[in-house]
Structures are given as C-alpha cells and as structure tokens.
file entry_21.txt (compact mmCIF, C-alpha atoms)
# COMPACT_ATOMS: atom_id res chain seq x y z
CA MET R 128 17.96 0.83 -17.30
CA GLU R 129 18.12 -2.18 -14.98
CA PHE R 130 15.26 -3.08 -12.65
CA GLU R 131 13.72 -5.91 -10.68
CA LYS R 132 10.06 -6.92 -10.62
CA TRP R 133 8.71 -7.98 -7.19
CA HIS R 134 5.30 -8.88 -5.88
CA ALA R 135 3.60 -9.26 -2.53
CA LEU R 136 0.24 -11.06 -2.64
CA GLY R 137 -0.01 -10.15 -6.32
CA ASN R 138 0.66 -6.44 -5.69
CA ASP R 139 3.61 -5.94 -8.07
CA TYR R 140 6.21 -3.19 -8.32
CA VAL R 141 9.19 -2.34 -10.48
CA ILE R 142 12.16 -1.63 -8.19
CA VAL R 143 14.82 0.77 -9.50
CA GLU R 144 17.94 2.12 -7.84
CA ALA R 145 18.36 5.85 -8.46
CA GLU R 146 21.87 5.46 -9.83
CA ASP R 147 20.52 3.17 -12.57
CA LEU R 148 17.88 5.69 -13.64
CA PRO R 149 18.88 7.56 -16.83
CA PHE R 150 16.12 10.18 -16.58
CA GLU R 151 13.74 11.86 -14.16
CA LEU R 152 10.66 9.83 -13.27
CA THR R 153 7.93 12.08 -14.64
CA PRO R 154 4.24 11.02 -14.50
CA SER R 155 4.23 10.24 -18.24
CA ARG R 156 7.33 8.05 -17.99
CA ILE R 157 5.94 6.23 -14.96
CA GLN R 158 2.71 5.54 -16.85
CA ALA R 159 4.67 4.22 -19.83
CA ILE R 160 6.87 1.90 -17.72
CA CYS R 161 3.93 0.52 -15.71
CA ALA R 162 1.66 0.05 -18.73
CA PRO R 163 0.51 -3.48 -19.57
CA HIS R 164 1.40 -4.82 -23.02
CA THR R 165 3.64 -1.86 -23.99
CA GLY R 166 5.59 -1.51 -20.71
CA VAL R 167 6.74 -3.72 -17.86
CA SER R 168 3.19 -3.91 -16.42
CA ALA R 169 3.18 -3.08 -12.71
CA ASP R 170 1.14 -1.57 -9.91
CA GLY R 171 3.84 1.06 -9.45
CA ILE R 172 7.53 1.90 -9.17
CA LEU R 173 9.72 1.80 -6.05
CA LEU R 174 12.70 4.16 -6.33
CA LEU R 175 15.58 3.54 -3.92
CA SER R 176 18.32 6.08 -3.29
CA ALA R 177 20.92 6.99 -0.70
CA PRO R 178 19.35 8.49 2.45
CA ASP R 179 19.65 12.10 3.56
CA ASP R 180 20.63 10.94 7.05
CA ALA R 181 23.21 8.33 8.09
CA ASP R 182 20.70 6.83 10.53
CA PHE R 183 18.76 5.42 7.55
CA VAL R 184 19.71 2.65 5.14
CA ALA R 185 17.87 4.13 2.14
CA ARG R 186 15.27 6.55 0.92
CA LEU R 187 12.18 5.01 -0.65
CA ARG R 188 9.85 6.83 -3.03
CA ILE R 189 6.68 5.11 -4.25
CA TYR R 190 4.88 5.91 -7.50
CA ASN R 191 1.42 4.79 -8.60
CA PRO R 192 0.89 3.62 -12.20
CA ASP R 193 -1.00 6.84 -12.99
CA GLY R 194 2.20 8.77 -12.28
CA SER R 195 1.22 10.16 -8.87
CA GLU R 196 3.45 9.67 -5.83
CA ALA R 197 2.15 7.67 -2.88
CA GLU R 198 3.22 8.45 0.66
CA LEU R 199 3.46 4.79 1.65
CA SER R 200 2.63 1.26 0.55
CA GLY R 201 2.70 -1.65 2.96
CA ASN R 202 3.33 -4.22 0.25
CA GLY R 203 5.78 -1.97 -1.58
CA ALA R 204 7.65 -1.28 1.65
CA ARG R 205 8.14 -5.00 2.31
CA GLU R 206 9.33 -5.54 -1.25
CA ALA R 207 11.82 -2.69 -0.88
CA VAL R 208 13.02 -3.94 2.53
CA LEU R 209 13.73 -7.45 1.30
CA TYR R 210 15.33 -6.09 -1.90
CA LEU R 211 17.68 -3.92 0.16
CA ARG R 212 18.74 -6.92 2.22
CA ARG R 213 19.27 -9.17 -0.81
CA HIS R 214 21.32 -6.53 -2.60
CA GLY R 215 23.67 -5.77 0.29
CA TRP R 216 22.45 -2.34 1.31
CA THR R 217 22.48 -3.70 4.86
CA ASP R 218 23.08 -6.95 6.72
CA ALA R 219 21.04 -5.91 9.76
CA ASP R 220 17.75 -7.57 10.67
CA SER R 221 16.26 -4.25 11.79
CA PHE R 222 16.93 -0.86 10.23
CA ALA R 223 15.25 2.41 9.22
CA ILE R 224 14.08 3.68 5.83
CA GLN R 225 13.00 7.18 4.84
CA THR R 226 9.63 7.57 3.10
CA ALA R 227 7.33 10.47 2.28
CA ALA R 228 5.23 9.33 5.24
CA GLY R 229 8.21 9.41 7.60
CA GLU R 230 10.42 6.71 9.05
CA ILE R 231 9.50 3.05 8.79
CA ARG R 232 11.42 0.34 10.64
CA PRO R 233 11.27 -3.27 9.44
CA LEU R 234 12.30 -6.49 11.13
CA ILE R 235 13.41 -9.18 8.70
CA LEU R 236 12.05 -12.61 9.68
CA SER R 237 13.29 -14.67 6.70
CA ASP R 238 14.39 -14.30 3.08
CA THR R 239 10.79 -13.68 2.07
CA ARG R 240 9.02 -12.35 5.17
CA CYS R 241 9.30 -9.25 7.34
CA ALA R 242 7.39 -7.20 9.86
CA VAL R 243 7.19 -3.43 9.38
CA ASP R 244 6.56 -0.90 12.11
CA MET R 245 4.19 1.37 10.19
CA GLY R 246 4.08 4.04 12.89
CA ARG R 247 0.93 5.34 14.50
CA ALA R 248 -2.35 5.46 12.60
CA ARG R 249 -4.54 8.55 12.98
CA VAL R 250 -8.25 9.11 12.51
CA GLN R 251 -7.90 12.85 11.90
CA SER R 252 -5.82 14.23 9.04
CA ALA R 253 -5.72 16.64 6.13
CA GLY R 254 -6.95 13.73 4.01
CA TYR R 255 -10.40 14.19 5.58
CA PRO R 256 -10.37 17.80 6.83
CA SER R 257 -14.07 18.00 7.66
CA GLY R 258 -14.02 14.80 9.67
CA ALA R 259 -15.20 14.34 13.24
CA PRO R 260 -12.61 13.65 15.98
CA ASP R 261 -13.28 9.90 15.71
CA GLY R 262 -12.78 9.91 11.93
CA ARG R 263 -16.18 8.41 11.24
CA GLY R 264 -18.35 9.72 8.45
CA GLU R 265 -20.98 9.04 5.85
CA LEU R 266 -21.09 9.56 2.09
CA THR R 267 -23.17 8.65 -0.92
CA ALA R 268 -21.68 6.82 -3.90
CA ALA R 269 -23.12 4.61 -6.62
CA GLY R 270 -26.62 5.38 -5.36
CA ARG R 271 -25.97 4.10 -1.85
CA THR R 272 -25.08 5.64 1.49
CA TRP R 273 -21.89 4.27 3.07
CA ARG R 274 -20.69 4.69 6.64
CA PHE R 275 -16.92 4.78 6.79
CA GLN R 276 -13.92 5.11 9.07
CA HIS R 277 -11.14 7.44 7.97
CA VAL R 278 -7.66 6.15 8.84
CA GLN R 279 -4.38 7.90 8.02
CA VAL R 280 -1.61 5.31 7.87
CA GLY R 281 1.02 7.06 5.78
CA ASN R 282 -1.70 7.57 3.19
CA PRO R 283 -5.47 8.19 3.50
CA GLN R 284 -7.79 5.22 3.91
CA CYS R 285 -11.58 5.05 3.80
CA ALA R 286 -12.58 1.76 5.45
CA ILE R 287 -16.16 0.51 5.10
CA ARG R 288 -17.59 -2.39 7.07
CA VAL R 289 -20.28 -4.52 5.41
CA ALA R 290 -22.59 -7.08 6.95
CA ASP R 291 -20.97 -10.28 5.76
CA GLU R 292 -18.68 -11.93 3.23
CA ALA R 293 -21.52 -12.53 0.75
CA GLU R 294 -22.26 -8.80 0.57
CA LEU R 295 -18.57 -8.05 0.26
CA GLU R 296 -18.07 -10.42 -2.67
CA GLY R 297 -21.10 -8.97 -4.45
CA LEU R 298 -19.76 -5.41 -4.56
CA ASP R 299 -18.76 -3.92 -7.92
CA LEU R 300 -15.64 -2.03 -6.84
CA GLY R 301 -15.02 -0.77 -10.37
CA ALA R 302 -18.31 1.10 -10.23
CA ILE R 303 -18.19 2.26 -6.60
CA GLY R 304 -14.48 2.89 -6.03
CA PRO R 305 -13.86 5.87 -8.34
CA GLU R 306 -16.71 7.89 -6.82
CA ILE R 307 -15.35 7.40 -3.31
CA GLU R 308 -11.70 7.90 -4.32
CA HIS R 309 -12.59 11.30 -5.84
CA HIS R 310 -15.29 12.28 -3.34
CA GLU R 311 -15.29 15.93 -2.24
CA LEU R 312 -14.71 14.86 1.38
CA PHE R 313 -11.19 13.74 0.42
CA PRO R 314 -9.22 16.62 -1.15
CA HIS R 315 -6.19 14.42 -1.83
CA ARG R 316 -8.32 11.48 -2.98
CA THR R 317 -8.44 8.33 -0.86
CA ASN R 318 -7.81 4.61 -0.87
CA VAL R 319 -10.90 2.54 -0.09
CA SER R 320 -11.33 -0.81 1.62
CA TRP R 321 -14.47 -2.82 2.28
CA PHE R 322 -14.30 -5.52 4.92
CA ALA R 323 -16.39 -8.13 6.74
CA GLU R 324 -15.66 -10.17 9.85
CA LEU R 325 -14.96 -13.89 9.37
CA ASP R 326 -15.51 -16.74 11.78
CA GLY R 327 -12.11 -17.29 13.40
CA GLY R 328 -10.66 -20.65 14.32
CA ASP R 329 -8.09 -19.10 16.63
CA PRO R 330 -9.64 -17.39 19.69
CA ALA R 331 -6.51 -15.28 20.12
CA ARG R 332 -6.65 -13.79 16.60
CA SER R 333 -9.39 -12.04 14.62
CA ARG R 334 -9.96 -12.62 10.91
CA ILE R 335 -11.54 -10.25 8.42
CA ARG R 336 -11.97 -10.42 4.67
CA ALA R 337 -11.17 -7.24 2.75
CA ARG R 338 -11.31 -5.95 -0.80
CA ILE R 339 -9.22 -2.97 -1.81
CA PHE R 340 -9.60 -0.08 -4.26
CA GLU R 341 -6.32 1.85 -4.40
CA ARG R 342 -6.00 5.53 -5.20
CA GLY R 343 -4.49 5.88 -8.67
CA VAL R 344 -4.62 2.12 -9.29
CA GLY R 345 -8.12 0.65 -9.00
CA GLU R 346 -9.05 -2.70 -7.46
CA THR R 347 -5.97 -4.68 -6.43
CA THR R 348 -5.38 -8.21 -5.19
CA ALA R 349 -3.78 -6.80 -2.06
CA SER R 350 -2.66 -3.63 -0.29
CA GLY R 351 -0.68 -3.42 2.92
CA THR R 352 -1.94 0.01 3.88
CA GLY R 353 -5.45 -0.93 2.73
CA ALA R 354 -5.34 -4.02 4.94
CA THR R 355 -4.06 -1.85 7.78
CA GLY R 356 -6.87 0.67 7.32
CA ALA R 357 -9.45 -2.12 7.42
CA ALA R 358 -7.83 -3.70 10.50
CA VAL R 359 -7.72 -0.38 12.37
CA ALA R 360 -11.38 0.32 11.51
CA TYR R 361 -12.31 -3.18 12.69
CA VAL R 362 -10.48 -2.72 16.01
CA LEU R 363 -12.03 0.72 16.53
CA ASP R 364 -15.41 -0.91 15.96
CA GLY R 365 -14.82 -3.37 18.79
CA GLY R 366 -12.72 -6.08 17.14
CA ARG R 367 -9.63 -7.50 18.79
CA SER R 368 -6.02 -7.30 17.68
CA PRO R 369 -4.03 -8.93 16.14
CA VAL R 370 -6.04 -9.19 12.94
CA THR R 371 -5.45 -11.51 10.01
CA VAL R 372 -6.68 -9.74 6.88
CA VAL R 373 -7.68 -12.10 4.07
CA LEU R 374 -7.19 -10.48 0.66
CA ASP R 375 -7.58 -11.78 -2.88
CA GLY R 376 -3.81 -12.31 -3.05
CA GLY R 377 -3.31 -13.90 0.37
CA GLU R 378 -3.16 -12.96 4.04
CA LEU R 379 -1.50 -10.19 6.03
CA ASP R 380 -1.19 -9.88 9.81
CA VAL R 381 -1.84 -6.51 11.44
CA GLU R 382 -1.22 -5.72 15.09
CA VAL R 383 -2.99 -2.63 16.44
CA THR R 384 -2.19 -1.31 19.92
CA GLY R 385 -4.48 0.84 22.04
CA GLU R 386 -2.65 3.92 20.76
CA LEU R 387 -3.05 2.74 17.15
CA GLN R 388 0.60 1.81 16.75
CA ILE R 389 0.75 -0.55 13.77
CA LYS R 390 2.91 -3.55 12.89
CA LEU R 391 2.30 -5.17 9.50
CA THR R 392 3.69 -8.65 8.76
CA GLY R 393 3.74 -10.45 5.42
CA TRP R 394 5.82 -11.80 2.57
CA ALA R 395 7.30 -10.49 -0.68
CA VAL R 396 9.31 -12.21 -3.42
CA PRO R 397 11.23 -11.26 -6.57
CA VAL R 398 9.77 -12.20 -9.95
CA TYR R 399 12.54 -11.32 -12.39
CA ARG R 400 15.42 -8.97 -13.13
CA GLY R 401 15.46 -7.09 -16.41
CA THR R 402 16.90 -4.32 -18.57
CA LEU R 403 14.72 -1.96 -20.58
CA ALA R 404 15.44 -2.13 -24.29
CA GLU R 405 17.45 0.77 -25.73
CA THR R 406 14.61 1.70 -28.08
CA PHE R 407 12.17 1.89 -25.15
CA VAL R 408 14.62 4.00 -23.13
CA GLU R 409 14.91 6.36 -26.13
CA GLU R 410 11.11 6.64 -26.21
CA LEU R 411 11.11 7.42 -22.48
CA HIS R 412 13.79 10.09 -22.96
CA ALA R 413 11.56 11.69 -25.57
CA THR R 414 8.57 11.55 -23.23
CA GLN R 415 8.16 14.57 -20.95
call {"tool": "encode", "arguments": {"input": "entry_21.txt", "output": "structure tokens"}}
result
Amino acid sequence: MEFEKWHALGNDYVIVEAEDLPFELTPSRIQAICAPHTGVSADGILLLSAPDDADFVARLRIYNPDGSEAELSGNGAREAVLYLRRHGWTDADSFAIQTAAGEIRPLILSDTRCAVDMGRARVQSAGYPSGAPDGRGELTAAGRTWRFQHVQVGNPQCAIRVADEAELEGLDLGAIGPEIEHHELFPHRTNVSWFAELDGGDPARSRIRARIFERGVGETTASGTGATGAAVAYVLDGGRSPVTVVLDGGELDVEVTGELQIKLTGWAVPVYRGTLAETFVEELHATQ
C-alpha cells in the first residue's frame, strides 16, 4: 500500500488514494496505521477517491487516529488540495472537492499555500442541540465553569475565550479537554479551542493565540477548523476580521464575513512517500 505523509503546522496526515487501498479502512486498521512506534504515526488518514459528480475533482474522507470519521479538517483539506494538484488530479487553481461536510472550494496560491472556502459557519446545530440561538453556553469541567461559543464549521467546535495569553498557556488541556469533548451537551462529542486576544501590530488585522484539543485526537499543534472556530467566536464577541490565529505549529489566517462565511488560508507540505511493508499489510488484512 503506497501513501504520502503530509503536515500542516505539525498536524500530520497519511494520504492514500482509494485505488491503492487493499482493504476497507475499518477503525481498527486506522488505529494501527496511525499508531506511533508500530505504525506510520499520524494525526489521521485522508482518503481520496473519484467523485460522485463530474463537477468535483475528488471525494475526500477524513479519519481520526481513533478510527472515527471526521466531517472536515482545515489542515487536512489543505494537504489534500495541494496533493491533488501535485499528483495531476487537476491543473486548475480553483476547483471543488466533496467532503462529508459538503463542498469545499480551494484557491491554490503557490506550491505550498492555498485558501479554502470553508462554507458558512453556524452557531446552531445538532452538535449542540440544547443550545441557545446564539450558540453560547456554559459548562463545568475539571472543577471549573467555562463559558463557550458553539460553532459548526463542518464539524462541531466549542470555543472558549480566556483573559490573556498567560492564562491560556497555563491550562492543562490533557486534563480539561476530555471532559469537554465528551460532555453531555455534545451528543457527537466536540472539538475544543481556548483562545486569547494578542496585541496586534497591524491595525487592519486581529491576532489571537489559540490552543486546540481535537475530538478523537487530543491536544494538537494546530487545527484548521479549531482555528476557525476560535476566530468565529472572537468575531462574534466583537473582534474584527480577518484574524490571524497563532497556534503551536504556526499561523493561519481566517476571514469571517458578517454572514459567517469562512475563508481559511495557510500552508501544507509533503514529508515523505512510502510503502507499507508486506508483513504489516498482512497484519492489517487480519485485523477487522
């Protein structure tokens, strides 16, 4: 089985074309492939296949390392977009891709950078069914009450604003994140971002610092949808767009219109191309 390893701000995925896949991607097989030490070690798998509709270049499915399927990933989407271009699926600068969250439309800016129209964010969704019309809520986790903003941006986000960067850096996401991810308010679990406003040098652009706890993954160096959720929450709380989101792995730019239409811009690069060993493929075949 041939694959490529890509990363965007340290958020790394194994990219596989469906025709190169010798078996179904079951949760157990996904876990085995993504495992550190005994597998490839990745934050997930991006599966590319022919689209159902000629208006699209490809169909993209996104899997978390715990074997669950994600509706969308901002970093994963950029990796897939630039992979498709490099591998000749299209020579267009702008095209459409099918995802579980619906259509996404990227604009390629260079060999390593693209902007992705992420569609329209929502503050009401089945991801937070008991939520108020403005998507704001309150919950208790790790012995503390948190006020949050629910944002649906292809997948569910719980964005939490904290007072400043010092408080943000002091948070133990490994202790807090699981309780919020699995909180009863979120029947499909949720991604979580904590953010704080930064002093900006550019009066035309806001800057926030964010830390991300991804559903099915844990704390990550970066997340495109997590950054988007934080940026939307910041704008809804009175901040101005566009927003530069500073993550552990680097920076992403998020534009948020008055109707919550989102454009996410950032980079992604390949790391290596590989082939799974025959013995490992045999083990995967034997894994249900």
call {"tool": "residues_near_point", "arguments": {"input": "entry_21.txt", "point": "(-19.4, -2.1, -9.2)", "cutoff": "12 Å", "atoms": "all atoms listed in the file", "output": "ChimeraX atom specification"}}
result
/R:268-271,295-307,340,345-346
call {"tool": "write_last_selection", "arguments": {"input": "entry_21.txt", "atoms": "C-alpha atoms", "output": "JSON list (two decimals), keeping the file's coordinate frame"}}
result
[["chain", "number", "residue", "atom", "x", "y", "z"],
["R", 268, "ALA", "CA", -21.68, 6.82, -3.90],
["R", 269, "ALA", "CA", -23.12, 4.61, -6.62],
["R", 270, "GLY", "CA", -26.62, 5.38, -5.36],
["R", 271, "ARG", "CA", -25.97, 4.10, -1.85],
["R", 295, "LEU", "CA", -18.57, -8.05, 0.26],
["R", 296, "GLU", "CA", -18.07, -10.42, -2.67],
["R", 297, "GLY", "CA", -21.10, -8.97, -4.45],
["R", 298, "LEU", "CA", -19.76, -5.41, -4.56],
["R", 299, "ASP", "CA", -18.76, -3.92, -7.92],
["R", 300, "LEU", "CA", -15.64, -2.03, -6.84],
["R", 301, "GLY", "CA", -15.02, -0.77, -10.37],
["R", 302, "ALA", "CA", -18.31, 1.10, -10.23],
["R", 303, "ILE", "CA", -18.19, 2.26, -6.60],
["R", 304, "GLY", "CA", -14.48, 2.89, -6.03],
["R", 305, "PRO", "CA", -13.86, 5.87, -8.34],
["R", 306, "GLU", "CA", -16.71, 7.89, -6.82],
["R", 307, "ILE", "CA", -15.35, 7.40, -3.31],
["R", 340, "PHE", "CA", -9.60, -0.08, -4.26],
["R", 345, "GLY", "CA", -8.12, 0.65, -9.00],
["R", 346, "GLU", "CA", -9.05, -2.70, -7.46]]
call {"tool": "residues_around", "arguments": {"input": "entry_21.txt", "residues": "Gly343 in chain R", "least_positions_apart": "2", "cutoff": "7 Å", "atoms": "only C-alpha atoms", "output": "CSV table (one decimal) with C-alpha atoms, keeping the file's coordinate frame"}}
result
chain,number,residue,atom,x,y,z
R,191,ASN,CA,1.4,4.8,-8.6
R,192,PRO,CA,0.9,3.6,-12.2
R,193,ASP,CA,-1.0,6.8,-13.0
R,341,GLU,CA,-6.3,1.8,-4.4
R,345,GLY,CA,-8.1,0.6,-9.0
call {"tool": "atom_distance", "arguments": {"input": "entry_21.txt", "atom1": "CA of Arg212 in chain R", "atom2": "CA of Ala177 in chain R"}}
result
14.4 Å
call {"tool": "atom_distance", "arguments": {"input": "entry_21.txt", "atom1": "CA of Leu379 in chain R", "atom2": "CA of Ala248 in chain R"}}
result
17.0 Å
call {"tool": "residues_around", "arguments": {"input": "entry_21.txt", "residues": "Gln388 in chain R", "least_positions_apart": "4", "cutoff": "7 Å", "atoms": "all atoms listed in the file", "output": "VMD selection string"}}
result
chain R and resid 246 to 248 383 to 384
call {"tool": "axis_aligned_box", "arguments": {"input": "entry_21.txt", "around": "range 317-327 of chain R", "padding_each_side": "6 Å", "output": "AutoDock Vina command-line options"}}
result
--center_x -12.1 --center_y -4.5 --center_z 6.3 --size_x 20.6 --size_y 37.6 --size_z 26.3
call {"tool": "atom_distance", "arguments": {"input": "entry_21.txt", "atom1": "CA of Glu230 in chain R", "atom2": "CA of Pro260 in chain R"}}
result
25.0 Å
call {"tool": "residues_around", "arguments": {"input": "entry_21.txt", "residues": "Glu294 in chain R", "least_positions_apart": "5", "cutoff": "10 Å", "atoms": "only C-alpha atoms", "output": "PyMOL selection string"}}
result
chain R and resi 289+321-323
call {"tool": "write_last_selection", "arguments": {"input": "entry_21.txt", "atoms": "C-alpha atoms", "output": "mmCIF file, in the coordinates of the input"}}
result
data_model
loop_
_atom_site.group_PDB
_atom_site.id
_atom_site.type_symbol
_atom_site.label_atom_id
_atom_site.label_comp_id
_atom_site.auth_asym_id
_atom_site.auth_seq_id
_atom_site.Cartn_x
_atom_site.Cartn_y
_atom_site.Cartn_z
ATOM 1 C CA VAL R 289 -20.280 -4.520 5.410
ATOM 2 C CA TRP R 321 -14.470 -2.820 2.280
ATOM 3 C CA PHE R 322 -14.300 -5.520 4.920
ATOM 4 C CA ALA R 323 -16.390 -8.130 6.740
#
call {"tool": "residues_around", "arguments": {"input": "entry_21.txt", "residues": "Ala181 in chain R", "least_positions_apart": "5", "cutoff": "12 Å", "atoms": "all atoms listed in the file", "output": "JSON, numbers by chain"}}
result
{"R": [186, 222, 223, 224, 225]}
call {"tool": "closest_residue", "arguments": {"input": "entry_21.txt", "among": "R:Pro314, R:Pro154, R:Gly229, R:Pro369", "to": "Thr414 in chain R", "atoms": "all atoms listed in the file"}}
result
R:Pro154
call {"tool": "residues_around", "arguments": {"input": "entry_21.txt", "residues": "Ala228 in chain R", "least_positions_apart": "4", "cutoff": "8 Å", "atoms": "only C-alpha atoms", "output": "mmCIF file with C-alpha atoms, keeping the file's coordinate frame"}}
result
data_model
loop_
_atom_site.group_PDB
_atom_site.id
_atom_site.type_symbol
_atom_site.label_atom_id
_atom_site.label_comp_id
_atom_site.auth_asym_id
_atom_site.auth_seq_id
_atom_site.Cartn_x
_atom_site.Cartn_y
_atom_site.Cartn_z
ATOM 1 C CA GLU R 198 3.220 8.450 0.660
ATOM 2 C CA LEU R 199 3.460 4.790 1.650
ATOM 3 C CA GLY R 281 1.020 7.060 5.780
ATOM 4 C CA ASN R 282 -1.700 7.570 3.190
#
call {"tool": "closest_residue", "arguments": {"input": "entry_21.txt", "among": "R:Ala242, R:Ala404, R:Ile172, R:Ile389", "to": "Val278 in chain R", "atoms": "all atoms listed in the file"}}
result
R:Ile389
call {"tool": "closest_residue", "arguments": {"input": "entry_21.txt", "among": "R:His309, R:Arg232, R:Arg342, R:Arg400", "to": "Ser195 in chain R", "atoms": "all atoms listed in the file"}}
result
R:Arg342
call {"tool": "decode", "arguments": {"input": "entry_21.txt", "residues": "range 252-273 of chain R", "atoms": "N, CA and C atoms", "output": "short mmCIF file (atom, residue, chain, number, x, y, z; two decimals), in the first residue's frame"}}
result
data_model
loop_
_atom_site.label_atom_id
_atom_site.label_comp_id
_atom_site.auth_asym_id
_atom_site.auth_seq_id
_atom_site.Cartn_x
_atom_site.Cartn_y
_atom_site.Cartn_z
N SER R 252 -26.67 23.83 15.77
CA SER R 252 -26.52 22.58 15.02
C SER R 252 -26.88 21.41 15.91
N ALA R 253 -26.95 20.23 15.30
CA ALA R 253 -27.22 19.01 16.05
C ALA R 253 -26.06 18.66 16.98
N GLY R 254 -24.90 19.31 16.79
CA GLY R 254 -23.77 19.08 17.67
C GLY R 254 -23.96 19.67 19.05
N TYR R 255 -24.91 20.61 19.17
CA TYR R 255 -25.24 21.23 20.45
C TYR R 255 -26.75 21.48 20.45
N PRO R 256 -27.54 20.41 20.53
CA PRO R 256 -28.99 20.50 20.30
C PRO R 256 -29.74 21.35 21.32
N SER R 257 -29.21 21.47 22.53
CA SER R 257 -29.90 22.25 23.55
C SER R 257 -29.47 23.71 23.57
N GLY R 258 -28.65 24.10 22.60
CA GLY R 258 -28.07 25.42 22.61
C GLY R 258 -29.05 26.54 22.31
N ALA R 259 -28.72 27.73 22.81
CA ALA R 259 -29.49 28.93 22.53
C ALA R 259 -29.27 29.36 21.09
N PRO R 260 -30.13 30.24 20.56
CA PRO R 260 -29.97 30.68 19.16
C PRO R 260 -28.61 31.28 18.84
N ASP R 261 -27.95 31.89 19.85
CA ASP R 261 -26.64 32.48 19.58
C ASP R 261 -25.49 31.50 19.80
N GLY R 262 -25.80 30.26 20.17
CA GLY R 262 -24.78 29.24 20.32
C GLY R 262 -23.93 29.36 21.57
N ARG R 263 -24.25 30.31 22.43
CA ARG R 263 -23.45 30.48 23.64
C ARG R 263 -23.97 29.58 24.76
N GLY R 264 -23.05 29.14 25.60
CA GLY R 264 -23.45 28.26 26.69
C GLY R 264 -22.44 28.26 27.81
N GLU R 265 -22.68 27.41 28.76
CA GLU R 265 -21.84 27.30 29.95
C GLU R 265 -21.80 25.86 30.39
N LEU R 266 -20.64 25.39 30.81
CA LEU R 266 -20.50 24.02 31.30
C LEU R 266 -19.46 23.98 32.39
N THR R 267 -19.45 22.87 33.12
CA THR R 267 -18.45 22.67 34.16
C THR R 267 -17.57 21.49 33.78
N ALA R 268 -16.26 21.70 33.86
CA ALA R 268 -15.29 20.65 33.56
C ALA R 268 -14.03 20.92 34.36
N ALA R 269 -13.42 19.86 34.85
CA ALA R 269 -12.18 19.96 35.63
C ALA R 269 -12.34 20.92 36.80
N GLY R 270 -13.53 20.92 37.42
CA GLY R 270 -13.77 21.72 38.59
C GLY R 270 -13.92 23.21 38.34
N ARG R 271 -14.18 23.58 37.08
CA ARG R 271 -14.28 25.00 36.75
C ARG R 271 -15.44 25.20 35.78
N THR R 272 -16.09 26.35 35.88
CA THR R 272 -17.16 26.70 34.95
C THR R 272 -16.57 27.46 33.77
N TRP R 273 -16.95 27.03 32.55
CA TRP R 273 -16.43 27.64 31.33
C TRP R 273 -17.59 28.19 30.50
#
